[in-house]
Amino acid sequence: MSLSRFLRLGNGCKIPSIGLGTYEMKGDQLKEALDFAICIGYRHIDTAAVYDNEKEVGEVIHDRIKSGYVKRKDLFITSKVPRSFISGEKKVMECALKSLEDLKISYLNMLLIHTPWPNVEEKDDEGNMTIRHVPLNILEIWRALESLHNDGYVSNIGVSNFTTKQLLRVLDIQKVPLSNLQLECHIYNQQDKLKKLCDENNIVVSAYSPLGSPDRPSKHLGKEALSVLKDSAILEISERYKKTPAQVLLNFLLKRRMVVLPKSSKKERIKENLHCLEWSLSDADFKTIKSLDRKMKIFSFLYLREHPDYCEGEEF
């Protein structure tokens, strides 16, 4: 039994269940990977202002639309507003319009608040630039996203790396519904609590680092080695199904009705990841993988622990 290629957002829009993640990808490597992905059928592209790659993404999108290979309406493009732009409404607007310019498009399918920990850059008395943490004014920032939606710049709005409490704050004030939560999710960090809350409120969950981010930056390596791709249970299941460990990991999350955002610059892996839609784990194997949860995070953002909105010990 194959899995669904799309999930429905709260407003009825369809979001492709597999997207190409672009974190830490730039230049020709990114352009070649993205162009190949579009050519073989990817229609969901996940980027962010802070990735510093939206111009390259925009070049590929523009070229493929201009050539007639793909239509804009068939692409689902997600971007995110970073910490340095969620300190006020004008900054949010500025960031979103810059993303549209760089991506060479007139609207985004999804715009997310990247993290709930805003900061501002200031100059000290000696002229040196410093960064100051400021509390998140979720009402002001969410209203800014709603304005972008109402003005036609953004089709859907959501958040990333938010805790349960922070999600509930948005749900309390929303006029345009929160439609997507993007978070770290893989077999060792299955995010059951947040997934349940999202299911109850018609919010689609998107999983970043679904393969455990094996090439993550050194600041995120942590004290304990984490390799979901080498888990013995995953290796045994992948051998029986004659699938790669990555395909098993993605299939598990897709079976949970999540969007998955694997990242790769290697053409063969990009192709393999897309093929994980064509089959489905048995209920018994799904249950086995469900038991592997260790609540282990890769991206804990510990360097932001001093921020007033950092929630020590909470899932996000």
# chains A, B, ... in the order shown; residues from 1 in each chain; ligands from 1
$ residues_around --residues "Lys297 (chain A)" --least-positions-apart "3" --cutoff "9 Å" --atoms "only C-alpha atoms" --output "list in words"
Glu184, Cys185, Tyr188, Asn189, Arg294 and Ser300 of chain A
$ residues_around --residues "Val205 (chain A)" --least-positions-apart "3" --cutoff "8 Å" --atoms "only C-alpha atoms" --output "ChimeraX atom specification"
/A:180-183,195,198,258-259
$ write_last_selection --atoms "C-alpha atoms" --output "short mmCIF file (atom, residue, chain, number, x, y, z; two decimals), in the first residue's frame"
data_model
loop_
_atom_site.label_atom_id
_atom_site.label_comp_id
_atom_site.auth_asym_id
_atom_site.auth_seq_id
_atom_site.Cartn_x
_atom_site.Cartn_y
_atom_site.Cartn_z
CA ASN A 180 1.84 24.09 10.14
CA LEU A 181 4.34 23.27 12.88
CA GLN A 182 7.83 22.38 11.72
CA LEU A 183 10.01 20.63 14.29
CA LYS A 195 1.84 15.80 17.38
CA CYS A 198 -1.47 19.52 16.36
CA MET A 258 3.69 13.94 8.83
CA VAL A 259 5.44 15.92 6.12
#
$ residues_around --residues "Asn161 (chain A)" --least-positions-apart "3" --cutoff "12 Å" --atoms "only C-alpha atoms" --output "number ranges by chain"
A: 80, 82-83, 112-117, 158, 164-167, 180-185, 191, 194, 205-208, 297, 299-301, 309-311, 314-316
$ closest_residue --among "A:Ile38, A:Ile65, A:Ala49, A:Ile234" --to "Leu292 (chain A)" --atoms "only C-alpha atoms"
A:Ile234
$ closest_residue --among "A:Val50, A:Leu253, A:Leu211, A:Leu281" --to "Arg269 (chain A)" --atoms "only C-alpha atoms"
A:Leu211
$ select_by_dssp --residues "region 34-152 of chain A" --states "alpha helix (DSSP H)" --output "number ranges by chain"
A: 34-40, 54-66, 89-103, 138-150
$ closest_atom_pairs --of "region 110-202 of chain A" --to "region 9-23 of chain A" --cutoff "9 Å" --atoms "only C-alpha atoms" --output "CSV"
residue,atom,partner,partner_atom,distance
A:Ser155,CA,A:Cys13,CA,8.5
A:Asn156,CA,A:Asn11,CA,8.2
A:Pro177,CA,A:Gly10,CA,7.4
A:Leu178,CA,A:Gly10,CA,8.1
A:Ser179,CA,A:Gly10,CA,5.7
A:Asn180,CA,A:Leu9,CA,7.6
A:Asn201,CA,A:Gly10,CA,8.8
A:Asn202,CA,A:Gly10,CA,5.8
$ write_last_selection --atoms "C-alpha atoms" --output "PDB file, in the first residue's frame"
ATOM      1  CA  SER A 155      -0.975  31.363   1.413  1.00  0.00           C
ATOM      2  CA  ASN A 156      -0.405  29.682   4.800  1.00  0.00           C
ATOM      3  CA  PRO A 177      -5.368  29.715  11.538  1.00  0.00           C
ATOM      4  CA  LEU A 178      -1.943  28.337  12.323  1.00  0.00           C
ATOM      5  CA  SER A 179      -1.634  25.585   9.713  1.00  0.00           C
ATOM      6  CA  ASN A 180       1.840  24.090  10.144  1.00  0.00           C
ATOM      7  CA  ASN A 201      -6.163  21.546  16.156  1.00  0.00           C
ATOM      8  CA  ASN A 202      -5.928  20.606  12.478  1.00  0.00           C
TER       9      ASN A 202
END
$ closest_residue --among "A:Thr288, A:Ser79, A:Ser213, A:Gln174" --to "Asp102 (chain A)" --atoms "only C-alpha atoms"
A:Ser79
$ select_by_dssp --residues "region 79-313 of chain A" --states "strand (DSSP E)" --output "MDAnalysis selection string"
chainID A and resid 79:81 110:113 119:123 129:133 157:160 178:184 204:208 259:261
$ closest_residue --among "A:Leu7, A:Leu136, A:Leu304, A:Ile131" --to "Pro118 (chain A)" --atoms "only C-alpha atoms"
A:Leu136
$ closest_residue --among "A:Thr163, A:Asn128, A:Val176, A:Asp74" --to "His149 (chain A)" --atoms "only C-alpha atoms"
A:Val176
$ closest_residue --among "A:Tyr69, A:Phe85, A:Phe6, A:Tyr241" --to "Asp285 (chain A)" --atoms "only C-alpha atoms"
A:Tyr241
$ residues_around --residues "Asp231 (chain A)" --least-positions-apart "5" --cutoff "12 Å" --atoms "only C-alpha atoms" --output "ChimeraX atom specification"
/A:186-188,211-212,225-226,236-238,245-246,248-249,289,292-293
$ residues_around --residues "Lys91 (chain A)" --least-positions-apart "2" --cutoff "12 Å" --atoms "only C-alpha atoms" --output "list of chain:residue names"
A:Val81, A:Pro82, A:Arg83, A:Ser84, A:Phe85, A:Ile86, A:Ser87, A:Gly88, A:Glu89, A:Met93, A:Glu94, A:Cys95, A:Ala96, A:Leu97, A:Lys98, A:Pro118, A:Asn119, A:Val120, A:Glu140, A:Ile141, A:Ala144, A:Leu145
$ decode --residues "region 91-119 of chain A" --atoms "N, CA, C and O atoms" --output "tab-separated table (two decimals), in the first residue's frame"
chain	number	residue	atom	x	y	z
A	91	LYS	N	9.84	44.51	10.75
A	91	LYS	CA	10.95	43.60	10.44
A	91	LYS	C	10.44	42.33	9.78
A	91	LYS	O	11.06	41.80	8.85
A	92	VAL	N	9.30	41.81	10.26
A	92	VAL	CA	8.71	40.62	9.65
A	92	VAL	C	8.36	40.90	8.19
A	92	VAL	O	8.67	40.09	7.29
A	93	MET	N	7.71	42.02	7.94
A	93	MET	CA	7.34	42.40	6.58
A	93	MET	C	8.58	42.53	5.70
A	93	MET	O	8.61	42.02	4.57
A	94	GLU	N	9.59	43.18	6.22
A	94	GLU	CA	10.84	43.38	5.48
A	94	GLU	C	11.45	42.05	5.07
A	94	GLU	O	11.88	41.85	3.93
A	95	CYS	N	11.50	41.12	6.01
A	95	CYS	CA	12.10	39.81	5.76
A	95	CYS	C	11.30	39.03	4.71
A	95	CYS	O	11.87	38.45	3.78
A	96	ALA	N	9.99	39.02	4.85
A	96	ALA	CA	9.15	38.27	3.93
A	96	ALA	C	9.27	38.80	2.50
A	96	ALA	O	9.40	38.02	1.54
A	97	LEU	N	9.25	40.12	2.35
A	97	LEU	CA	9.35	40.71	1.01
A	97	LEU	C	10.72	40.46	0.40
A	97	LEU	O	10.84	40.26	-0.82
A	98	LYS	N	11.77	40.44	1.24
A	98	LYS	CA	13.11	40.13	0.74
A	98	LYS	C	13.18	38.68	0.27
A	98	LYS	O	13.78	38.37	-0.76
A	99	SER	N	12.55	37.76	1.01
A	99	SER	CA	12.52	36.36	0.59
A	99	SER	C	11.81	36.21	-0.76
A	99	SER	O	12.28	35.48	-1.64
A	100	LEU	N	10.70	36.91	-0.93
A	100	LEU	CA	9.98	36.85	-2.20
A	100	LEU	C	10.85	37.37	-3.35
A	100	LEU	O	10.87	36.79	-4.45
A	101	GLU	N	11.57	38.45	-3.08
A	101	GLU	CA	12.46	39.01	-4.10
A	101	GLU	C	13.56	38.02	-4.46
A	101	GLU	O	13.83	37.77	-5.65
A	102	ASP	N	14.19	37.44	-3.45
A	102	ASP	CA	15.29	36.50	-3.70
A	102	ASP	C	14.80	35.23	-4.40
A	102	ASP	O	15.48	34.69	-5.27
A	103	LEU	N	13.63	34.76	-4.01
A	103	LEU	CA	13.08	33.54	-4.59
A	103	LEU	C	12.42	33.77	-5.95
A	103	LEU	O	12.02	32.80	-6.62
A	104	LYS	N	12.29	35.03	-6.34
A	104	LYS	CA	11.73	35.40	-7.65
A	104	LYS	C	10.29	34.91	-7.81
A	104	LYS	O	9.89	34.40	-8.87
A	105	ILE	N	9.51	35.04	-6.75
A	105	ILE	CA	8.11	34.62	-6.78
A	105	ILE	C	7.25	35.73	-6.17
A	105	ILE	O	7.76	36.62	-5.49
A	106	SER	N	5.95	35.67	-6.42
A	106	SER	CA	5.06	36.72	-5.92
A	106	SER	C	4.36	36.33	-4.62
A	106	SER	O	3.76	37.18	-3.97
A	107	TYR	N	4.42	35.05	-4.27
A	107	TYR	CA	3.81	34.62	-3.01
A	107	TYR	C	4.52	33.38	-2.50
A	107	TYR	O	5.12	32.61	-3.27
A	108	LEU	N	4.47	33.17	-1.19
A	108	LEU	CA	4.96	31.96	-0.55
A	108	LEU	C	3.79	31.05	-0.23
A	108	LEU	O	2.72	31.53	0.14
A	109	ASN	N	3.98	29.76	-0.36
A	109	ASN	CA	2.94	28.82	0.05
A	109	ASN	C	2.86	28.70	1.56
A	109	ASN	O	1.79	28.44	2.11
A	110	MET	N	4.01	28.86	2.23
A	110	MET	CA	4.05	28.78	3.69
A	110	MET	C	5.13	29.71	4.21
A	110	MET	O	6.25	29.75	3.68
A	111	LEU	N	4.78	30.45	5.25
A	111	LEU	CA	5.76	31.27	5.96
A	111	LEU	C	5.67	30.93	7.44
A	111	LEU	O	4.60	30.97	8.03
A	112	LEU	N	6.82	30.60	8.02
A	112	LEU	CA	6.89	30.18	9.41
A	112	LEU	C	7.72	31.15	10.24
A	112	LEU	O	8.67	31.76	9.73
A	113	ILE	N	7.39	31.28	11.51
A	113	ILE	CA	8.31	31.88	12.48
A	113	ILE	C	9.35	30.81	12.77
A	113	ILE	O	9.02	29.73	13.25
A	114	HIS	N	10.62	31.09	12.47
A	114	HIS	CA	11.64	30.05	12.51
A	114	HIS	C	11.91	29.53	13.92
A	114	HIS	O	12.02	28.33	14.14
A	115	THR	N	12.05	30.45	14.86
A	115	THR	CA	12.21	30.08	16.27
A	115	THR	C	11.52	31.15	17.12
A	115	THR	O	11.32	32.28	16.66
A	116	PRO	N	11.16	30.82	18.36
A	116	PRO	CA	10.44	31.78	19.20
A	116	PRO	C	11.36	32.65	20.08
A	116	PRO	O	10.95	33.09	21.15
A	117	TRP	N	12.60	32.89	19.63
A	117	TRP	CA	13.59	33.58	20.48
A	117	TRP	C	14.15	34.80	19.77
A	117	TRP	O	15.30	34.77	19.27
A	118	PRO	N	13.41	35.91	19.70
A	118	PRO	CA	13.88	37.08	18.96
A	118	PRO	C	15.07	37.76	19.61
A	118	PRO	O	15.28	37.69	20.82
A	119	ASN	N	15.86	38.41	18.76
A	119	ASN	CA	16.94	39.24	19.26
A	119	ASN	C	17.05	40.50	18.41
A	119	ASN	O	16.52	40.56	17.30
